[in-house]
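Source file: work-v2.txt (compact mmCIF, C-alpha atoms and all ligand atoms)
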# COMPACT_ATOMS: atom_id res chain seq x y z
CA MET A 1299 14.67 -5.41 6.54
CA THR A 1300 14.36 -4.50 2.85
CA ALA A 1301 16.17 -5.53 -0.30
CA VAL A 1302 17.84 -2.11 -0.40
CA SER A 1303 19.91 -0.28 2.21
CA ALA A 1304 18.90 2.80 4.18
CA GLN A 1305 21.30 4.87 2.07
CA GLN A 1306 19.74 3.57 -1.15
CA ILE A 1307 16.24 4.31 0.13
CA THR A 1308 17.31 7.84 1.01
CA ASP A 1309 18.91 8.35 -2.41
CA ARG A 1310 15.87 7.01 -4.23
CA ILE A 1311 13.52 9.26 -2.29
CA HIS A 1312 15.61 12.32 -3.09
CA GLN A 1313 15.82 11.32 -6.75
CA VAL A 1314 12.06 10.90 -7.10
CA GLN A 1315 11.36 14.10 -5.14
CA LEU A 1316 13.63 16.08 -7.46
CA SER A 1317 11.78 14.79 -10.51
CA LEU A 1318 8.30 15.71 -9.24
CA PRO A 1319 6.41 18.94 -9.87
CA PRO A 1320 6.23 20.79 -6.53
CA ALA A 1321 2.45 20.40 -6.16
CA VAL A 1322 2.57 16.60 -6.33
CA THR A 1323 2.47 14.66 -3.06
CA LEU A 1324 4.70 11.62 -2.85
CA ILE A 1325 3.09 8.93 -0.71
CA ALA A 1326 5.50 6.20 0.38
CA VAL A 1327 3.67 2.88 0.38
CA THR A 1328 5.01 0.86 3.30
CA LYS A 1329 2.59 -2.09 3.44
CA LEU A 1330 4.38 -5.27 4.59
CA LEU A 1331 7.45 -3.23 5.56
CA PRO A 1332 8.49 -2.68 9.19
CA ALA A 1333 8.23 0.60 11.08
CA GLU A 1334 12.01 1.11 10.84
CA VAL A 1335 11.65 1.58 7.09
CA ILE A 1336 9.15 4.36 7.72
CA ARG A 1337 11.73 6.00 10.00
CA ILE A 1338 14.30 5.92 7.21
CA ALA A 1339 11.89 7.52 4.76
CA TYR A 1340 10.84 10.06 7.38
CA ALA A 1341 14.47 10.99 8.00
CA ALA A 1342 14.83 11.49 4.24
CA GLY A 1343 12.05 14.06 4.42
CA LEU A 1344 8.82 12.19 3.63
CA ARG A 1345 5.71 12.88 5.69
CA HIS A 1346 3.02 11.00 3.72
CA PHE A 1347 2.73 7.23 4.15
CA GLY A 1348 0.32 4.77 2.59
CA GLU A 1349 -0.82 1.49 4.09
CA SER A 1350 -3.25 -1.12 2.76
CA ARG A 1351 -4.50 -2.66 5.98
CA VAL A 1352 -5.90 -0.89 8.98
CA GLN A 1353 -4.60 -3.27 11.65
CA GLU A 1354 -1.08 -3.42 10.22
CA ALA A 1355 -0.95 0.37 10.11
CA ILE A 1356 -2.17 0.76 13.69
CA GLU A 1357 0.64 -1.48 14.91
CA LYS A 1358 3.26 0.58 13.09
CA GLN A 1359 1.72 3.88 14.18
CA ALA A 1360 2.09 2.74 17.80
CA GLN A 1361 5.82 2.25 17.21
CA LEU A 1362 6.12 5.65 15.52
CA SER A 1363 4.11 7.79 17.90
CA ASP A 1364 7.07 10.18 18.27
CA LEU A 1365 6.75 11.10 14.56
CA SER A 1366 3.66 13.19 15.12
CA ASP A 1367 3.55 15.03 11.79
CA ILE A 1368 3.03 12.00 9.56
CA THR A 1369 -0.07 12.02 7.37
CA TRP A 1370 -1.43 8.49 7.04
CA HIS A 1371 -3.21 7.38 3.87
CA LEU A 1372 -5.31 4.23 3.64
CA ILE A 1373 -5.00 2.89 0.10
CA GLY A 1374 -6.41 -0.66 0.41
CA HIS A 1375 -9.98 -1.93 0.34
CA LEU A 1376 -11.76 -1.13 3.60
CA GLN A 1377 -14.23 -3.54 5.15
CA THR A 1378 -17.22 -1.86 6.73
CA ASN A 1379 -16.47 -3.37 10.16
CA LYS A 1380 -13.13 -1.48 10.25
CA VAL A 1381 -14.55 1.89 9.34
CA ARG A 1382 -14.39 3.35 12.83
CA LYS A 1383 -10.73 2.43 13.26
CA ALA A 1384 -9.94 3.69 9.79
CA VAL A 1385 -11.27 7.18 10.44
CA GLU A 1386 -9.47 7.30 13.77
CA HIS A 1387 -6.09 6.26 12.37
CA PHE A 1388 -5.93 7.73 8.87
CA GLN A 1389 -6.25 11.34 7.72
CA TRP A 1390 -6.85 10.23 4.12
CA ILE A 1391 -8.86 7.31 2.78
CA HIS A 1392 -8.20 6.76 -0.93
CA SER A 1393 -10.20 3.56 -1.28
CA VAL A 1394 -13.80 4.74 -0.87
CA ASP A 1395 -15.16 2.27 -3.38
CA SER A 1396 -18.94 2.22 -2.81
CA LEU A 1397 -21.74 4.48 -1.69
CA LYS A 1398 -22.42 2.14 1.21
CA LEU A 1399 -18.84 2.50 2.46
CA ALA A 1400 -19.00 6.28 2.08
CA GLU A 1401 -22.17 6.37 4.17
CA LYS A 1402 -20.59 4.23 6.89
CA LEU A 1403 -17.52 6.46 6.93
CA ASN A 1404 -19.73 9.51 7.22
CA GLN A 1405 -21.48 8.00 10.24
CA ALA A 1406 -18.20 6.94 11.84
CA ALA A 1407 -16.73 10.41 11.38
CA LEU A 1408 -19.48 12.12 13.38
CA GLY A 1409 -17.90 13.76 16.40
CA LEU A 1410 -14.31 13.30 15.29
CA PRO A 1411 -12.06 16.33 15.78
CA ARG A 1412 -11.32 16.43 12.03
CA SER A 1413 -13.15 15.13 8.97
CA PRO A 1414 -11.51 12.39 6.93
CA GLN A 1415 -10.17 13.45 3.53
CA CYS A 1416 -11.44 10.97 0.95
CA CYS A 1417 -10.84 9.81 -2.57
CA LEU A 1418 -13.41 7.83 -4.51
CA GLN A 1419 -11.89 4.75 -6.09
CA VAL A 1420 -12.95 4.56 -9.72
CA LYS A 1421 -12.70 1.88 -12.39
CA LEU A 1422 -12.29 3.51 -15.77
CA VAL A 1423 -12.00 0.19 -17.61
CA PRO A 1424 -13.53 -3.15 -16.56
CA ASP A 1425 -11.37 -4.84 -13.90
CA PRO A 1426 -13.26 -7.67 -12.17
CA PRO A 1427 -10.78 -8.33 -9.32
CA LYS A 1428 -10.99 -4.73 -8.12
CA THR A 1429 -13.63 -2.76 -6.30
CA GLY A 1430 -14.58 0.77 -7.23
CA PHE A 1431 -17.19 2.94 -8.88
CA SER A 1432 -17.70 2.72 -12.62
CA PRO A 1433 -18.15 6.22 -14.05
CA ALA A 1434 -21.90 5.58 -14.44
CA GLU A 1435 -22.24 4.33 -10.85
CA LEU A 1436 -20.33 7.31 -9.59
CA GLU A 1437 -22.41 9.83 -11.48
CA ALA A 1438 -25.57 8.22 -10.13
CA ALA A 1439 -24.21 8.34 -6.56
CA LEU A 1440 -23.01 11.96 -6.70
CA PRO A 1441 -26.11 13.66 -5.25
CA ARG A 1442 -25.98 11.38 -2.20
CA LEU A 1443 -22.18 11.62 -1.84
CA ASP A 1444 -22.51 15.39 -1.92
CA GLN A 1445 -24.70 15.22 1.20
CA LEU A 1446 -22.17 13.32 3.36
CA ASP A 1447 -21.23 16.33 5.40
CA GLN A 1448 -18.76 14.61 7.75
CA LEU A 1449 -16.47 13.73 4.85
CA ASN A 1450 -14.23 15.88 2.69
CA ILE A 1451 -14.46 14.09 -0.62
CA ARG A 1452 -11.51 15.60 -2.45
CA GLY A 1453 -10.21 13.15 -5.00
CA LEU A 1454 -10.37 10.17 -7.28
CA MET A 1455 -8.11 7.16 -7.02
CA ALA A 1456 -7.54 5.24 -10.25
CA ILE A 1457 -5.54 2.01 -10.60
CA PRO A 1458 -5.00 0.43 -14.02
CA PRO A 1459 -5.68 -3.33 -14.26
CA GLN A 1460 -2.74 -5.69 -13.61
CA ALA A 1461 -0.57 -6.06 -16.73
CA ALA A 1462 -2.49 -3.38 -18.63
CA SER A 1463 -0.90 -2.08 -21.85
CA GLN A 1464 0.58 1.43 -21.96
CA ASP A 1465 -2.46 2.49 -23.99
CA THR A 1466 -4.88 1.16 -21.39
CA ILE A 1467 -2.89 2.81 -18.61
CA ARG A 1468 -3.06 6.14 -20.45
CA GLN A 1469 -6.78 5.63 -21.02
CA VAL A 1470 -7.35 5.00 -17.29
CA PHE A 1471 -5.43 8.08 -16.16
CA ALA A 1472 -6.94 10.38 -18.79
CA GLY A 1473 -10.37 8.99 -17.92
CA ALA A 1474 -9.88 9.81 -14.24
CA LYS A 1475 -8.84 13.36 -15.09
CA GLU A 1476 -11.88 13.85 -17.32
CA LEU A 1477 -14.22 12.33 -14.77
CA GLY A 1478 -12.90 14.69 -12.11
CA ASP A 1479 -13.45 17.68 -14.40
CA ARG A 1480 -16.98 16.48 -15.18
CA ILE A 1481 -17.82 16.07 -11.48
CA ASN A 1482 -16.60 19.59 -10.81
CA GLN A 1483 -18.99 20.91 -13.44
CA ALA A 1484 -21.99 19.00 -12.09
CA GLY A 1485 -23.17 21.82 -9.83
CA LEU A 1486 -22.57 20.01 -6.53
CA THR A 1487 -22.46 21.83 -3.21
CA ARG A 1488 -19.67 20.32 -1.14
CA LEU A 1489 -17.97 17.70 -3.21
CA HIS A 1490 -15.10 19.09 -5.26
CA ILE A 1491 -12.31 17.05 -6.82
CA ASP A 1492 -8.90 18.70 -6.42
CA GLN A 1493 -6.79 15.54 -6.09
CA LEU A 1494 -6.03 12.69 -8.45
CA SER A 1495 -4.40 9.77 -6.64
CA MET A 1496 -2.85 7.81 -9.43
CA GLY A 1497 0.53 6.38 -10.31
CA MET A 1498 2.45 3.49 -8.76
CA SER A 1499 6.01 2.33 -9.34
CA GLY A 1500 5.32 0.89 -12.78
CA ASP A 1501 3.29 3.73 -14.20
CA TYR A 1502 3.80 6.98 -12.31
CA PRO A 1503 5.40 8.94 -15.17
CA LEU A 1504 2.22 8.36 -17.21
CA ALA A 1505 0.09 9.35 -14.23
CA LEU A 1506 2.05 12.60 -13.78
CA ALA A 1507 1.65 13.38 -17.47
CA ALA A 1508 -2.11 12.95 -17.07
CA GLY A 1509 -2.34 15.29 -14.08
CA ALA A 1510 -1.82 13.14 -10.97
CA THR A 1511 -1.49 15.13 -7.75
CA MET A 1512 -0.69 12.21 -5.44
CA ILE A 1513 1.49 9.28 -6.45
CA ARG A 1514 1.78 6.12 -4.36
CA LEU A 1515 5.20 4.48 -4.58
CA GLY A 1516 6.43 1.36 -2.84
CA THR A 1517 8.82 -0.71 -4.94
CA THR A 1518 10.57 2.28 -6.54
CA LEU A 1519 11.61 3.54 -3.10
CA PHE A 1520 12.07 0.36 -1.10
CA GLY A 1521 12.68 -2.45 -3.58
CA PRO A 1522 10.53 -5.59 -3.79
CA ARG A 1523 8.24 -6.14 -0.81
CA PRO A 1524 8.71 -9.19 1.45
CA GLN A 1525 6.06 -11.83 0.73
C1 LIG B 1601 0.89 -1.59 -3.13
C2 LIG B 1601 0.20 -0.41 -3.67
C3 LIG B 1601 0.92 0.66 -4.23
C4 LIG B 1601 2.43 0.67 -4.40
O1 LIG B 1601 2.80 -0.25 -5.36
P1 LIG B 1601 4.28 -0.24 -6.00
O2 LIG B 1601 4.08 -0.89 -7.32
O3 LIG B 1601 5.12 -1.05 -5.08
O4 LIG B 1601 4.72 1.16 -6.10
C5 LIG B 1601 0.21 1.76 -4.66
N1 LIG B 1601 -1.12 1.82 -4.57
C6 LIG B 1601 -1.86 0.81 -4.05
C7 LIG B 1601 -3.34 0.94 -4.00
C8 LIG B 1601 -1.22 -0.34 -3.60
O5 LIG B 1601 -1.95 -1.34 -3.10
Kindly present the structure from the file in structure tokens form.
Ligand SMILES: *Cc1c(COP(=O)(O)O)cnc(C)c1O
Amino acid sequence: MTAVSAQQITDRIHQVQLSLPPAVTLIAVTKLLPAEVIRIAYAAGLRHFGESRVQEAIEKQAQLSDLSDITWHLIGHLQTNKVRKAVEHFQWIHSVDSLKLAEKLNQAALGLPRSPQCCLQVKLVPDPPKTGFSPAELEAALPRLDQLDQLNIRGLMAIPPQAASQDTIRQVFAGAKELGDRINQAGLTRLHIDQLSMGMSGDYPLALAAGATMIRLGTTLFGPRPQ
């Protein structure tokens, strides 16, 4: 099922939890892992789970419908044709990476019993393979984003480029923190950043040092993912 046993997963979760400041949310990233792994992590006390693909998550959610207090986080790029399903199946969407996607999400959320919680995905250093707002694009989009009244835009998600140096990683996380502070001083009406979704298995201590409030861990908890 995974490279590590249920007992090891449980131990790792408890170890990481003990090392985290109480206000930080640990999101277990379970993409490519079966629903039984989510049950193990749930039994160890976790309630926040991150998935990269809408369809894969829906299939696992159907198998876990008895675990009704899970909060589901979408952390992968969202295609606009899956927006409706995304807002129905996830409480949080971390990967809002364009104004166009935000507008589609806002439309799709009309009439839902609860508004989606959103993070804006930002690129603090150039990273061609990834989507996301550059700081300049984001600042230009803020007045419009602030009007999307079906969304709760609460955070920024920052991911350092693959194989980035420690210095670049620090620069990305510090840049996200500063950008969030700047947005909060821009005199907006609704949009307020109180979450920084940053930190994965390879870099979460640096993210915590920079002020992360949500870390997204897969490999650290579950070992290497199946291909
Ligand atoms: C896969 C993934 C993670 C978890 O990665 P690990 O290195 O296994 O902790 C976190 N965030 C995003 C956006 C991911 O796609």
Find the residues near Pro1433 in chain A: any atom within 12 Å, counting all atoms listed in the file, skip ones fewer than 6 places away on the same chain, and give them as a list in words. Asp1395, Ser1396, Leu1418, Gln1419, Val1420, Lys1421, Leu1422, Val1423, Pro1424, Ala1439, Leu1440, Leu1454, Ala1456, Val1470, Gly1473, Ala1474, Lys1475, Glu1476, Leu1477, Gly1478, Arg1480 and Ile1481 of chain A
From the options A:Arg1468, A:His1387, A:Arg1310, A:Arg1523, which residue's atoms come nearest to Asp1501 in chain A, counting only C-alpha atoms? A:Arg1468
Taking only C-alpha atoms into account, name the residue in A:Gly1430, A:Pro1441, A:Gly1343, A:Gly1485 that is nearest to Cys1417 in chain A. A:Gly1430
Could you give me, as CSV, a per-residue list for chain A showing, wherever an atom lies at most 7 Å from an atom of ligand LIG 1601 (chain B), the closest pair of atoms and their distance in Å to one decimal, using all atoms listed in the file and sorting by chain then residue number from low to high?
residue,atom,partner,partner_atom,distance
A:Val1327,CA,B:LIG1601,C4,5.4
A:Lys1329,CA,B:LIG1601,C1,6.8
A:Ser1350,CA,B:LIG1601,O5,6.0
A:Ile1373,CA,B:LIG1601,C7,4.8
A:Gly1374,CA,B:LIG1601,C7,5.6
A:Met1498,CA,B:LIG1601,O4,4.2
A:Ser1499,CA,B:LIG1601,O4,3.7
A:Gly1500,CA,B:LIG1601,O2,5.9
A:Arg1514,CA,B:LIG1601,C5,4.6
A:Leu1515,CA,B:LIG1601,O4,3.7
A:Gly1516,CA,B:LIG1601,O3,3.5
A:Thr1517,CA,B:LIG1601,O3,3.7
A:Thr1518,CA,B:LIG1601,O4,6.0
Min atom-atom distance to His1375 in chain A from the set A:Pro1427, A:Gly1409, A:Pro1414, A:Gly1497, counting only C-alpha atoms, belongs to A:Pro1427
Draw an axis-aligned box tight on the listed atoms of range 1348-1355 of chain A, then pad every side by 5 Å and write out centre and edge lengths in Å to one decimal as JSON.
{"center_x": -2.8, "center_y": 0.7, "center_z": 7.1, "size_x": 16.2, "size_y": 18.2, "size_z": 19.1}
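CA of Lys1402 in chain A to CA of Thr1369 in chain A spans 22.0 Å [interatomic distance, one decimal].
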Nearest to Lys1380 in chain A, chosen from A:Ser1363, A:Thr1323, A:Gln1353, A:Gln1493, with all atoms listed in the file counted in the distances: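 Under the stated criterion, the closest residue is A:Gln1353.
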Considering all atoms listed in the file, state which residue in the set A:Asp1465, A:Leu1506, A:Val1314, A:Thr1308 is at the smallest distance from Tyr1340 in chain A.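 Result for the nearest residue to Tyr1340 in chain A: A:Thr1308.
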Answer as a ChimeraX atom specification, residues within 12 Å of (-9.0, 11.4, 4.8) using all atoms listed in the file: /A:1348,1369-1373,1381,1384-1394,1400,1403-1404,1407,1410,1412-1418,1448-1453,1493
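Nearest-residue note for His1312 in chain A: choosing from A:Leu1376, A:Leu1365, A:Leu1324, A:Ala1461, the minimum distance belongs to A:Leu1324, counting all atoms listed in the file.
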Could you tell me how far CA of Ala1321 in chain A sits from CA of Phe1431 in chain A, in Å to one decimal place?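 CA of Ala1321 in chain A lies 26.4 Å from CA of Phe1431 in chain A.
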Quick check, in Å to one decimal: how far apart do CA of Arg1345 in chain A and CA of Leu1362 in chain A lie? 12.2 Å
Select range 1490-1501 of chain A in the preceding structure and write all heavy atoms to a file as an mmCIF file, in the first residue's frame.
data_model
loop_
_atom_site.group_PDB
_atom_site.id
_atom_site.type_symbol
_atom_site.label_atom_id
_atom_site.label_comp_id
_atom_site.auth_asym_id
_atom_site.auth_seq_id
_atom_site.Cartn_x
_atom_site.Cartn_y
_atom_site.Cartn_z
ATOM 1 N N HIS A 1490 -8.585 39.259 2.590
ATOM 2 C CA HIS A 1490 -7.598 39.434 3.650
ATOM 3 C C HIS A 1490 -6.785 38.143 3.759
ATOM 4 O O HIS A 1490 -7.358 37.055 3.842
ATOM 5 C CB HIS A 1490 -8.280 39.756 4.987
ATOM 6 C CG HIS A 1490 -7.304 39.961 6.094
ATOM 7 N ND1 HIS A 1490 -6.660 41.163 6.302
ATOM 8 C CD2 HIS A 1490 -6.831 39.106 7.029
ATOM 9 C CE1 HIS A 1490 -5.832 41.033 7.337
ATOM 10 N NE2 HIS A 1490 -5.911 39.798 7.799
ATOM 11 N N ILE A 1491 -5.484 38.273 3.761
ATOM 12 C CA ILE A 1491 -4.619 37.086 3.791
ATOM 13 C C ILE A 1491 -4.291 36.735 5.239
ATOM 14 O O ILE A 1491 -3.568 37.472 5.916
ATOM 15 C CB ILE A 1491 -3.312 37.357 3.003
ATOM 16 C CG1 ILE A 1491 -3.614 37.750 1.540
ATOM 17 C CG2 ILE A 1491 -2.375 36.145 3.072
ATOM 18 C CD1 ILE A 1491 -4.359 36.715 0.739
ATOM 19 N N ASP A 1492 -4.821 35.612 5.710
ATOM 20 C CA ASP A 1492 -4.435 35.150 7.054
ATOM 21 C C ASP A 1492 -3.813 33.751 7.020
ATOM 22 O O ASP A 1492 -3.574 33.163 8.077
ATOM 23 C CB ASP A 1492 -5.607 35.226 8.033
ATOM 24 C CG ASP A 1492 -6.789 34.354 7.630
ATOM 25 O OD1 ASP A 1492 -6.601 33.417 6.820
ATOM 26 O OD2 ASP A 1492 -7.901 34.606 8.116
ATOM 27 N N GLN A 1493 -3.568 33.239 5.819
ATOM 28 C CA GLN A 1493 -2.964 31.905 5.701
ATOM 29 C C GLN A 1493 -1.829 31.928 4.685
ATOM 30 O O GLN A 1493 -1.969 32.532 3.623
ATOM 31 C CB GLN A 1493 -4.016 30.881 5.218
ATOM 32 C CG GLN A 1493 -5.184 30.698 6.157
ATOM 33 C CD GLN A 1493 -4.813 30.053 7.474
ATOM 34 O OE1 GLN A 1493 -3.936 29.181 7.523
ATOM 35 N NE2 GLN A 1493 -5.427 30.485 8.567
ATOM 36 N N LEU A 1494 -0.750 31.264 5.030
ATOM 37 C CA LEU A 1494 0.343 31.050 4.079
ATOM 38 C C LEU A 1494 0.525 29.543 3.944
ATOM 39 O O LEU A 1494 0.949 28.873 4.889
ATOM 40 C CB LEU A 1494 1.644 31.698 4.577
ATOM 41 C CG LEU A 1494 1.637 33.234 4.634
ATOM 42 C CD1 LEU A 1494 2.926 33.736 5.303
ATOM 43 C CD2 LEU A 1494 1.475 33.851 3.247
ATOM 44 N N SER A 1495 0.151 29.029 2.768
ATOM 45 C CA SER A 1495 0.269 27.600 2.484
ATOM 46 C C SER A 1495 1.617 27.376 1.830
ATOM 47 O O SER A 1495 1.788 27.616 0.633
ATOM 48 C CB SER A 1495 -0.871 27.176 1.548
ATOM 49 O OG SER A 1495 -0.655 25.858 1.056
ATOM 50 N N MET A 1496 2.573 27.004 2.640
ATOM 51 C CA MET A 1496 3.905 26.785 2.088
ATOM 52 C C MET A 1496 4.684 25.811 2.967
ATOM 53 O O MET A 1496 4.523 25.783 4.179
ATOM 54 C CB MET A 1496 4.660 28.111 1.892
ATOM 55 C CG MET A 1496 4.719 29.027 3.088
ATOM 56 S SD MET A 1496 5.301 30.666 2.597
ATOM 57 C CE MET A 1496 5.925 31.255 4.198
ATOM 58 N N GLY A 1497 5.503 24.999 2.289
ATOM 59 C CA GLY A 1497 6.261 23.976 2.984
ATOM 60 C C GLY A 1497 5.799 22.602 2.569
ATOM 61 O O GLY A 1497 4.627 22.248 2.730
ATOM 62 N N MET A 1498 6.731 21.839 1.983
ATOM 63 C CA MET A 1498 6.509 20.444 1.609
ATOM 64 C C MET A 1498 7.579 19.630 2.338
ATOM 65 O O MET A 1498 8.323 20.163 3.153
ATOM 66 C CB MET A 1498 6.609 20.287 0.083
ATOM 67 C CG MET A 1498 5.655 21.225 -0.627
ATOM 68 S SD MET A 1498 5.777 21.386 -2.439
ATOM 69 C CE MET A 1498 6.121 19.761 -3.024
ATOM 70 N N SER A 1499 7.649 18.336 2.033
ATOM 71 C CA SER A 1499 8.561 17.491 2.806
ATOM 72 C C SER A 1499 9.992 18.008 2.812
ATOM 73 O O SER A 1499 10.659 17.971 3.837
ATOM 74 C CB SER A 1499 8.520 16.056 2.268
ATOM 75 O OG SER A 1499 7.246 15.500 2.539
ATOM 76 N N GLY A 1500 10.463 18.508 1.676
ATOM 77 C CA GLY A 1500 11.871 18.900 1.584
ATOM 78 C C GLY A 1500 12.194 20.255 2.183
ATOM 79 O O GLY A 1500 13.374 20.581 2.356
ATOM 80 N N ASP A 1501 11.180 21.053 2.462
ATOM 81 C CA ASP A 1501 11.494 22.435 2.842
ATOM 82 C C ASP A 1501 10.616 23.006 3.963
ATOM 83 O O ASP A 1501 10.667 24.196 4.235
ATOM 84 C CB ASP A 1501 11.410 23.351 1.598
ATOM 85 C CG ASP A 1501 10.049 23.284 0.900
ATOM 86 O OD1 ASP A 1501 9.059 22.913 1.560
ATOM 87 O OD2 ASP A 1501 9.983 23.606 -0.302
#
